[in-house]
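Just protein_19.cif here, mmCIF, C-alpha atoms:
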data_run
loop_
_atom_site.label_atom_id
_atom_site.label_comp_id
_atom_site.auth_asym_id
_atom_site.auth_seq_id
_atom_site.Cartn_x
_atom_site.Cartn_y
_atom_site.Cartn_z
CA MET A 1 0.00 0.00 0.00
CA PRO A 2 2.69 2.61 0.79
CA ASP A 3 4.29 1.98 -2.64
CA GLU A 4 0.93 2.55 -4.37
CA LYS A 5 0.46 5.89 -2.54
CA VAL A 6 3.91 7.05 -3.62
CA ARG A 7 3.28 6.04 -7.25
CA GLY A 8 -0.14 7.77 -7.23
CA SER A 9 1.38 10.98 -5.85
CA ALA A 10 4.14 10.93 -8.48
CA LEU A 11 1.63 10.43 -11.29
CA LYS A 12 -0.51 13.35 -10.06
CA SER A 13 2.50 15.59 -9.79
CA GLU A 14 3.64 14.66 -13.27
CA SER A 15 0.21 15.20 -14.82
CA LEU A 16 -0.10 18.63 -13.16
CA ALA A 17 3.33 19.56 -14.51
CA GLU A 18 2.17 18.53 -17.96
CA LEU A 19 -1.00 20.60 -17.54
CA THR A 20 1.07 23.61 -16.45
CA SER A 21 3.29 23.29 -19.52
CA LYS A 22 0.29 22.89 -21.83
CA VAL A 23 -1.64 25.85 -20.37
CA ASN A 24 1.35 28.20 -20.39
CA LYS A 25 2.19 27.24 -23.97
CA ALA A 26 -1.38 27.84 -25.14
CA LEU A 27 -2.31 30.90 -23.06
CA GLY A 28 1.04 32.54 -22.35
CA ASP A 29 3.84 32.24 -19.80
CA ASN A 30 2.92 32.42 -16.11
CA THR A 31 -0.78 31.77 -16.74
CA LEU A 32 -0.58 28.74 -14.43
CA ILE A 33 2.03 28.88 -11.66
CA ARG A 34 2.50 27.70 -8.08
CA GLY A 35 1.30 29.94 -5.29
CA SER A 36 4.85 30.14 -3.95
CA GLU A 37 5.98 31.62 -7.29
CA ILE A 38 3.69 34.64 -7.06
CA ALA A 39 5.95 37.69 -7.09
CA ARG A 40 3.76 39.65 -4.71
CA LYS A 41 2.77 37.94 -1.50
CA THR A 42 0.48 40.85 -0.54
CA TRP A 43 -2.09 42.65 -2.67
CA PRO A 44 -0.69 45.87 -4.23
CA ARG A 45 -2.20 49.03 -2.75
CA CYS A 46 -1.97 52.81 -2.88
CA THR A 47 -2.70 55.43 -0.25
CA THR A 48 -5.95 57.37 0.00
CA GLY A 49 -4.07 60.37 1.37
CA SER A 50 -5.56 59.72 4.81
CA LEU A 51 -4.15 57.39 7.46
CA ALA A 52 -7.63 56.68 8.85
CA PHE A 53 -8.99 55.72 5.43
CA ASP A 54 -5.89 53.61 4.69
CA VAL A 55 -6.33 51.66 7.94
CA MET A 56 -10.05 51.17 7.27
CA LEU A 57 -9.27 49.67 3.83
CA GLY A 58 -6.52 47.41 5.19
CA GLY A 59 -3.59 49.51 3.96
CA GLY A 60 -5.05 51.67 1.19
CA TRP A 61 -7.00 51.20 -2.05
CA PRO A 62 -6.43 47.78 -3.68
CA LEU A 63 -5.02 48.18 -7.19
CA ASN A 64 -5.96 46.51 -10.49
CA GLN A 65 -9.60 46.21 -9.46
CA TRP A 66 -12.58 48.57 -9.37
CA ASN A 67 -13.38 50.45 -6.16
CA GLU A 68 -16.69 52.24 -5.68
CA ILE A 69 -17.22 55.45 -3.69
CA ILE A 70 -20.89 55.97 -2.80
CA GLY A 71 -22.66 58.78 -1.00
CA MET A 72 -25.22 61.57 -0.94
CA GLU A 73 -24.56 65.05 -2.29
CA SER A 74 -21.87 67.11 -0.49
CA ALA A 75 -20.67 64.05 1.43
CA GLY A 76 -17.05 64.14 0.19
CA LYS A 77 -17.01 61.59 -2.66
CA THR A 78 -15.05 63.68 -5.16
CA VAL A 79 -12.87 65.03 -2.34
CA LEU A 80 -11.80 61.48 -1.46
CA ALA A 81 -10.97 60.72 -5.10
CA LEU A 82 -9.04 63.97 -5.66
CA LYS A 83 -7.13 63.69 -2.37
CA THR A 84 -6.18 60.12 -3.34
CA ILE A 85 -4.78 61.31 -6.68
CA ALA A 86 -2.98 64.26 -5.05
CA ALA A 87 -1.35 62.06 -2.37
CA ASN A 88 -0.03 59.56 -4.93
CA MET A 89 1.22 62.33 -7.21
CA GLU A 90 3.19 63.68 -4.28
CA LEU A 91 4.74 60.25 -3.66
CA ASN A 92 5.48 59.55 -7.34
CA PRO A 93 6.54 62.40 -9.68
CA GLU A 94 5.60 60.26 -12.72
CA TYR A 95 2.09 59.40 -11.49
CA GLU A 96 -0.49 59.87 -14.28
CA CYS A 97 -4.28 59.94 -13.90
CA LEU A 98 -7.10 59.53 -16.42
CA TRP A 99 -10.21 61.37 -15.21
CA ILE A 100 -13.39 60.52 -17.12
CA ALA A 101 -15.71 63.43 -16.36
CA SER A 102 -19.38 62.84 -17.09
CA GLU A 103 -19.90 65.72 -14.64
CA ASP A 104 -17.95 68.97 -14.81
CA PHE A 105 -14.32 68.81 -13.65
CA VAL A 106 -13.36 71.91 -11.63
CA PRO A 107 -9.62 72.62 -12.15
CA ASP A 108 -9.14 75.25 -9.42
CA TRP A 109 -10.78 72.97 -6.81
CA ALA A 110 -8.57 70.06 -7.90
CA MET A 111 -5.45 72.24 -7.58
CA LYS A 112 -6.57 73.41 -4.14
CA LEU A 113 -6.66 69.77 -3.06
CA GLY A 114 -3.11 69.25 -4.32
CA VAL A 115 -3.67 67.73 -7.78
CA ASP A 116 -1.06 68.48 -10.46
CA LEU A 117 -3.23 69.22 -13.51
CA SER A 118 -0.32 68.59 -15.90
CA ARG A 119 -0.53 64.91 -14.93
CA VAL A 120 -4.33 64.63 -15.26
CA HIS A 121 -5.73 63.55 -18.64
CA LEU A 122 -9.36 64.60 -18.89
CA ALA A 123 -11.95 62.78 -20.99
CA ALA A 124 -15.12 64.86 -20.91
CA THR A 125 -18.04 62.71 -22.08
CA ASN A 126 -21.36 61.61 -20.63
CA ILE A 127 -21.99 58.91 -23.26
CA MET A 128 -21.68 55.65 -21.36
CA GLU A 129 -20.24 53.56 -24.22
CA ASP A 130 -17.53 56.16 -24.91
CA ALA A 131 -16.56 56.51 -21.25
CA TYR A 132 -16.36 52.76 -20.76
CA GLN A 133 -14.36 52.22 -23.96
CA ILE A 134 -11.80 54.87 -22.93
CA ALA A 135 -11.45 53.27 -19.49
CA TYR A 136 -11.12 49.79 -21.02
CA GLU A 137 -8.39 50.87 -23.45
CA ALA A 138 -6.45 52.58 -20.65
CA LEU A 139 -6.62 49.53 -18.40
CA ASP A 140 -5.75 47.10 -21.17
CA GLY A 141 -2.83 49.19 -22.39
CA GLN A 142 -1.50 49.94 -18.86
CA VAL A 143 -0.98 53.58 -19.88
CA CYS A 144 -1.77 55.31 -16.56
CA ASP A 145 -1.63 54.83 -12.79
CA ALA A 146 -5.22 55.78 -11.93
CA ILE A 147 -8.61 55.95 -13.63
CA VAL A 148 -11.54 57.83 -12.10
CA ILE A 149 -15.09 57.81 -13.48
CA ASP A 150 -17.04 60.76 -12.06
CA SER A 151 -19.79 59.77 -11.94
CA LEU A 152 -21.77 56.69 -13.00
CA PRO A 153 -25.30 58.20 -12.62
CA ALA A 154 -24.38 61.03 -15.02
CA LEU A 155 -23.46 58.59 -17.82
CA LEU A 156 -26.07 58.25 -20.56
CA PRO A 157 -26.38 55.12 -22.74
CA GLY A 158 -26.16 56.00 -26.44
CA GLU A 159 -29.45 54.28 -27.25
CA GLU A 160 -31.20 56.29 -24.55
CA ALA A 161 -29.70 59.54 -25.86
CA GLU A 162 -31.23 58.85 -29.28
CA LYS A 163 -34.74 58.33 -27.90
CA ALA A 164 -37.31 61.09 -27.45
CA MET A 165 -38.00 62.39 -23.94
CA GLU A 166 -41.29 60.46 -23.67
CA GLU A 167 -39.65 57.14 -24.63
CA PHE A 168 -38.33 54.94 -21.83
CA SER A 169 -35.26 52.70 -21.90
CA MET A 170 -35.14 50.81 -18.61
CA GLY A 171 -32.09 48.73 -17.74
CA LEU A 172 -29.78 49.90 -20.55
CA GLY A 173 -27.24 51.44 -18.19
CA ALA A 174 -27.20 48.39 -15.92
CA ARG A 175 -26.61 46.00 -18.85
CA LEU A 176 -23.81 48.14 -20.28
CA THR A 177 -22.18 48.48 -16.87
CA ALA A 178 -22.32 44.72 -16.29
CA LYS A 179 -20.69 44.10 -19.68
CA PHE A 180 -18.01 46.71 -18.94
CA MET A 181 -17.18 45.09 -15.60
CA ARG A 182 -16.83 41.68 -17.24
CA LYS A 183 -14.57 43.02 -20.00
CA THR A 184 -12.34 45.07 -17.69
CA HIS A 185 -11.94 42.09 -15.38
CA TYR A 186 -9.51 40.68 -17.95
CA ALA A 187 -8.03 44.06 -18.92
CA GLN A 188 -7.09 44.62 -15.27
CA LYS A 189 -5.27 41.29 -14.96
CA ARG A 190 -1.58 41.58 -14.20
CA SER A 191 1.08 38.88 -14.42
CA LEU A 192 1.30 36.72 -11.31
CA ALA A 193 5.05 36.37 -11.63
CA LEU A 194 6.25 39.58 -13.31
CA PRO A 195 5.91 43.17 -12.05
CA GLU A 196 3.69 45.34 -14.25
CA ARG A 197 2.22 48.84 -14.05
CA ASP A 198 -0.51 48.79 -11.44
CA CYS A 199 -3.63 50.91 -11.85
CA LEU A 200 -6.10 52.32 -9.33
CA ALA A 201 -9.68 52.29 -10.63
CA LEU A 202 -12.26 54.46 -8.84
CA LEU A 203 -15.95 54.71 -9.71
CA ILE A 204 -17.96 57.49 -8.04
CA ASN A 205 -21.63 56.66 -7.49
CA GLN A 206 -24.67 58.06 -5.68
CA TRP A 207 -27.46 56.71 -3.53
CA ARG A 208 -30.98 56.40 -4.97
CA ASP A 209 -34.20 55.36 -3.21
CA LYS A 210 -36.04 52.17 -4.10
CA ILE A 211 -39.75 52.51 -4.79
CA GLY A 212 -42.28 51.02 -2.38
CA ILE A 213 -39.81 49.72 0.23
CA ALA A 214 -41.36 49.70 3.71
CA TYR A 215 -38.73 47.58 5.48
CA GLY A 216 -34.98 47.26 5.25
CA ASP A 217 -32.54 49.64 3.58
CA PRO A 218 -34.45 51.65 0.92
CA ARG A 219 -31.24 52.78 -0.79
CA THR A 220 -29.75 51.46 -3.98
CA THR A 221 -27.14 52.60 -6.51
CA PRO A 222 -27.38 53.03 -10.31
CA GLY A 223 -25.52 50.47 -12.39
CA GLY A 224 -27.37 47.29 -11.46
CA LYS A 225 -26.49 44.47 -9.07
CA ALA A 226 -23.84 42.91 -11.31
CA LYS A 227 -21.63 45.94 -10.65
CA ASN A 228 -21.75 45.31 -6.90
CA PHE A 229 -20.33 41.80 -7.31
CA SER A 230 -17.51 43.08 -9.55
CA MET A 231 -16.28 45.71 -7.08
CA PHE A 232 -13.30 44.84 -4.88
CA THR A 233 -14.27 47.52 -2.37
CA ARG A 234 -17.44 49.57 -1.92
CA VAL A 235 -17.00 52.57 0.36
CA GLU A 236 -19.86 54.65 1.70
CA VAL A 237 -19.06 58.32 2.30
CA ALA A 238 -21.29 60.46 4.52
CA ARG A 239 -21.17 63.90 6.07
CA ASP A 240 -21.06 63.48 9.85
CA THR A 241 -21.04 67.10 11.08
CA TRP A 242 -20.05 70.54 9.83
CA LEU A 243 -16.87 72.13 11.14
CA VAL A 244 -17.71 75.69 12.19
CA LEU A 245 -15.84 78.74 13.45
CA GLU A 246 -16.61 80.08 16.89
CA ASP A 247 -17.93 83.40 15.55
CA LYS A 248 -21.34 85.04 15.51
CA GLU A 249 -22.21 83.64 12.09
CA LYS A 250 -20.98 80.12 12.96
CA THR A 251 -19.19 80.05 9.59
CA ARG A 252 -18.80 76.59 8.11
CA VAL A 253 -15.19 75.91 7.16
CA GLY A 254 -15.23 72.15 6.71
CA LEU A 255 -16.95 68.87 7.36
CA ALA A 256 -16.30 65.68 9.27
CA ILE A 257 -16.33 62.87 6.69
CA LYS A 258 -17.43 59.44 7.91
CA THR A 259 -16.69 56.42 5.74
CA ARG A 260 -17.61 52.74 5.94
CA THR A 261 -16.53 49.76 3.84
CA ILE A 262 -19.71 48.07 2.63
CA LYS A 263 -17.58 45.46 0.85
CA ASN A 264 -13.87 44.70 0.98
CA LYS A 265 -12.26 41.63 -0.62
CA THR A 266 -8.76 42.33 0.73
CA ALA A 267 -9.51 43.21 4.38
CA PRO A 268 -12.37 42.96 6.90
CA ALA A 269 -15.49 44.79 5.75
CA GLN A 270 -17.75 47.07 7.82
CA ARG A 271 -14.84 49.09 9.19
CA THR A 272 -15.36 52.83 9.68
CA ALA A 273 -13.16 55.92 9.65
CA ASN A 274 -13.69 59.59 10.47
CA VAL A 275 -11.67 62.46 9.00
CA ASP A 276 -11.98 66.24 9.36
CA PHE A 277 -11.74 68.01 5.98
CA TYR A 278 -11.41 71.79 5.56
CA PHE A 279 -12.82 73.43 2.42
CA ASP A 280 -11.93 76.92 3.68
CA ASP A 281 -8.92 78.40 5.49
CA CYS A 282 -8.99 77.89 9.25
CA LEU A 283 -5.53 78.15 10.80
CA PRO A 284 -3.49 76.01 11.11
CA PHE A 285 -5.41 74.41 8.22
CA HIS A 286 -5.74 75.61 4.64
CA ALA A 287 -8.54 74.94 2.19
CA GLY A 288 -8.19 71.36 0.93
CA ASP A 289 -6.49 69.98 4.06
CA TYR A 290 -7.32 66.94 6.16
CA ASP A 291 -6.65 67.16 9.90
CA SER A 292 -3.97 64.47 9.60
CA ILE A 293 -2.62 64.86 13.14
CA LYS A 294 -6.02 64.23 14.69
CA GLN A 295 -6.24 61.00 12.69
CA VAL A 296 -2.79 59.84 13.77
CA PHE A 297 -3.44 60.72 17.42
CA ASN A 298 -6.85 59.00 17.65
CA LEU A 299 -5.64 55.85 15.90
CA ALA A 300 -2.51 55.71 18.07
CA VAL A 301 -4.61 55.97 21.24
CA ALA A 302 -7.07 53.33 19.96
CA ASN A 303 -4.18 50.92 19.29
CA ASP A 304 -2.31 51.67 22.55
CA ILE A 305 0.66 53.14 20.71
CA ILE A 306 -0.07 56.28 22.70
CA MET A 307 -1.04 55.28 26.24
CA VAL A 308 -3.37 57.24 28.49
CA LYS A 309 -3.09 57.28 32.27
CA GLY A 310 -5.32 59.82 33.93
CA ARG A 311 -4.70 63.02 31.96
CA THR A 312 -1.19 62.07 30.89
CA TYR A 313 -0.39 60.77 27.38
CA THR A 314 2.78 58.70 26.93
CA TYR A 315 4.34 56.48 24.29
CA LEU A 316 6.97 53.78 24.22
CA ARG A 317 9.98 54.86 22.17
CA PRO A 318 11.77 52.38 19.86
CA ASP A 319 14.62 52.18 22.42
CA GLY A 320 12.14 50.96 25.08
CA LYS A 321 11.92 54.16 27.12
CA VAL A 322 8.56 55.69 28.05
CA GLU A 323 8.24 59.29 26.86
CA THR A 324 5.57 61.75 28.00
CA LEU A 325 3.74 63.35 25.10
CA GLY A 326 1.71 65.81 27.13
CA SER A 327 -0.81 66.40 29.86
CA ALA A 328 -4.40 66.73 28.61
CA LYS A 329 -5.51 65.77 25.10
CA ALA A 330 -5.08 69.24 23.54
CA ASN A 331 -1.49 69.54 24.75
CA ALA A 332 -0.62 66.02 23.60
CA GLN A 333 -2.02 66.71 20.11
CA LEU A 334 -0.07 69.99 19.98
CA ALA A 335 3.17 68.18 20.86
CA LEU A 336 2.49 65.65 18.11
CA ARG A 337 1.86 68.44 15.57
CA GLU A 338 5.25 69.95 16.37
CA SER A 339 7.24 66.73 15.79
CA LEU A 340 7.30 65.52 12.18
CA GLU A 341 9.60 62.62 13.11
CA LEU A 342 7.16 61.40 15.78
CA GLN A 343 4.21 61.73 13.37
CA THR A 344 5.98 59.59 10.78
CA TRP A 345 6.99 56.90 13.26
CA ILE A 346 3.52 56.63 14.87
CA SER A 347 1.85 56.59 11.42
CA GLN A 348 4.04 53.65 10.38
CA GLU A 349 3.22 51.80 13.60
CA VAL A 350 -0.53 52.33 13.10
CA LEU A 351 -0.44 51.28 9.43
CA ALA A 352 1.49 48.12 10.31
CA LEU A 353 -1.50 47.04 12.41
CA ALA A 354 -4.03 47.56 9.56
#
Would you mind writing the file out in structure tokens?
Amino acid sequence: MPDEKVRGSALKSESLAELTSKVNKALGDNTLIRGSEIARKTWPRCTTGSLAFDVMLGGGWPLNQWNEIIGMESAGKTVLALKTIAANMELNPEYECLWIASEDFVPDWAMKLGVDLSRVHLAATNIMEDAYQIAYEALDGQVCDAIVIDSLPALLPGEEAEKAMEEFSMGLGARLTAKFMRKTHYAQKRSLALPERDCLALLINQWRDKIGIAYGDPRTTPGGKAKNFSMFTRVEVARDTWLVLEDKEKTRVGLAIKTRTIKNKTAPAQRTANVDFYFDDCLPFHAGDYDSIKQVFNLAVANDIIMVKGRTYTYLRPDGKVETLGSAKANAQLALRESLELQTWISQEVLALA
């Protein structure tokens, strides 16, 4: 019996090797490989520009797959997309973005958020077939580092555009979107063994209300259900509160953005993150800034990197010594703002736990 088991194992191994050779010859090198031969042992990611959002997603946006940003009006959907592009442009001077604008692209707002317009290629069209074809060609040709479609509900199927106002064309957009997702699934594929140009794909969407729903969540998104299954991550963006000045007019200078992962195939879903965003100057913040220090501080406290005892905030230095950050939360945050080296170290420690 032992000899038969050995022979059976050898035959299986040999037949699988033959299958590997046959598949790679027919479909291309590295189509079928061992798991241990995969060049990347972790999924490639890029930053959102916010530590809190990066932690929520498990380390940042997953690349080479579609990610959906959903929310109501003035919730921060486009802000999240633009801040993502700006952060990656700052990290990589050769970072190129394709922005497919079915809604108006506002250049001065993009610049205020840190986007380098010379590295943004704008495709202004609201015809769904054209927008999807441009995105498909860019993904298949690996010609850019990021693709943003802003937004799906503003895209109009060509057949619907040709119809009169009184003529209805239900389901056209959903069918086209489902076909696009299936086609780009293969265009987004990257070699398992060889490094290739990764691409971030973001789709901005909006909530709609279902008709006649008395129980459960009445919200839905344009694009059909097939789109939801194709997305690697689906992130809900909502406005939590307004950030106001302490003056007579209670001037609004920003908003607290709350996000939640509805779906995440690379990290636990249903995580949340909160970030303060300023759309107007409010020292020490400028228009277009996140309150990054507040994010770092809150996440460090939540993960016991910064320890709290009474009113005193301390942290354990890399050399093992306990250092006092400050007494009272405001003083501790101020001390963190004044030390770039400490911010960087704590951010790395927090992200390592994502």
Residues of range 176-281 of chain A within 9 Å of range 28-31 of chain A: nearest atom pair and distance (Å, one decimal) for each, counting only C-alpha atoms, sorted by chain and number, as JSON lines?
{"residue": "A:Ser191", "atom": "CA", "partner": "A:Asn30", "partner_atom": "CA", "distance": 6.9}
{"residue": "A:Leu192", "atom": "CA", "partner": "A:Asn30", "partner_atom": "CA", "distance": 6.6}
{"residue": "A:Ala193", "atom": "CA", "partner": "A:Asn30", "partner_atom": "CA", "distance": 6.3}
{"residue": "A:Leu194", "atom": "CA", "partner": "A:Asn30", "partner_atom": "CA", "distance": 8.4}
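Between CA of Glu96 in chain A and CA of Asp281 in chain A the interatomic distance comes to 28.4 Å.
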- Message: List the spatial neighbours of range 240-252 of chain A as a PyMOL selection string - criterion: any atom at most 10 Å away, only C-alpha atoms, same-chain residues fewer than 2 positions off excluded.
- Response: chain A and resi 75+237-238+254-259+274-280+282
- Rank nothing, just name the residue among A:Asp54, A:Glu236, A:Asp116, A:Glu18 nearest to Ala352 in chain A, using all atoms listed in the file. A:Asp54
- Message: I'd like to see the residues matched by the PyMOL selection byres ((chain A and resi 201-207) around 7) on this file, and ideally I'd get them as JSON, numbers by chain.
- Response: {"A": [64, 65, 66, 67, 68, 69, 70, 71, 72, 77, 146, 147, 148, 149, 150, 151, 152, 153, 199, 200, 208, 209, 219, 220, 221]}
- Item | Hits of the PyMOL selection byres ((chain A and resi 127-142) around 9) in this structure, as a ChimeraX atom specification | /A:64,98,100-102,123-126,143-145,147-149,152,154-158,161,173,176-177,180,183-184,186-189,196-199,201
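Applied to the shown file, the PyMOL selection byres ((chain A and resi 341-346) around 8) selects the residues Ile293, Val296, Ala300, Ile305, Leu336, Arg337, Ser339, Leu340, Ser347, Gln348, Glu349 and Val350 of chain A.
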- Interatomic distance, CA of Trp61 in chain A to CA of Glu37 in chain A (Å, one decimal):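 If I compute the distance from CA of Trp61 in chain A to CA of Glu37 in chain A, I get 24.1 Å.
If you look at CA of Leu82 in chain A and CA of Gly60 in chain A, they are 14.6 Å away from each other.
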- Message: Need the shell around Gln270 in chain A: protein/DNA/RNA residues with any atom at most 9 Å away, counting all atoms listed in the file. Skip same-chain ones fewer than 4 positions apart. Format as a PyMOL selection string?
- Response: chain A and resi 56+260-264
Saved selection, atoms kept: C-alpha atoms, as a PDB file, keeping the file's coordinate frame:
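For reference, out.pdb as written:
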ATOM      1  CA  MET A  56     -10.050  51.170   7.270  1.00  0.00           C
ATOM      2  CA  ARG A 260     -17.610  52.740   5.940  1.00  0.00           C
ATOM      3  CA  THR A 261     -16.530  49.760   3.840  1.00  0.00           C
ATOM      4  CA  ILE A 262     -19.710  48.070   2.630  1.00  0.00           C
ATOM      5  CA  LYS A 263     -17.580  45.460   0.850  1.00  0.00           C
ATOM      6  CA  ASN A 264     -13.870  44.700   0.980  1.00  0.00           C
TER       7      ASN A 264
END
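Of the listed residues A:Asp217, A:Asn92, A:Met181, A:Gln295, the one whose atoms come nearest to Ser230 in chain A is A:Met181, with distances taken using only C-alpha atoms.
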- Task: Point out the residue among A:Met231, A:Ala26, A:Ala302, A:Leu63 with the least atom-to-atom distance to Lys265 in chain A, counting all atoms listed in the file.
- Result: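 Among the listed residues, A:Met231 lies closest to Lys265 in chain A.
Comparing the minimum interatomic distances between Ala17 in chain A and each of A:Leu32, A:Pro107, A:Ala226, A:Met165, counting only C-alpha atoms, we find that A:Leu32 sits nearest.
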- Name the closest residue to Lys227 in chain A among the candidates A:Lys210, A:Arg271, A:Lys179, A:Arg190; distances are taken between atoms, counting all atoms listed in the file. A:Lys179
- Local residues around (0.9, 47.2, -3.1), at most 10 Å away, using all atoms listed in the file, as a ChimeraX atom specification: /A:40-47,59-63,198
List every residue of range 79-155 of chain A that has an atom at most 12 Å from any atom of range 284-287 of chain A, and for each one report the closest atom pair and its distance in Å to one decimal, counting only C-alpha atoms, with rows sorted by chain and then by increasing residue number, as a Markdown table.
| residue | atom | partner | partner_atom | distance |
| --- | --- | --- | --- | --- |
| A:Val79 | CA | A:Ala287 | CA | 11.7 |
| A:Asp108 | CA | A:Ala287 | CA | 11.6 |
| A:Trp109 | CA | A:Ala287 | CA | 9.5 |
| A:Ala110 | CA | A:Ala287 | CA | 11.2 |
| A:Met111 | CA | A:Ala287 | CA | 10.6 |
| A:Lys112 | CA | A:Ala287 | CA | 6.8 |
| A:Leu113 | CA | A:Ala287 | CA | 7.6 |
| A:Gly114 | CA | A:Ala287 | CA | 10.2 |
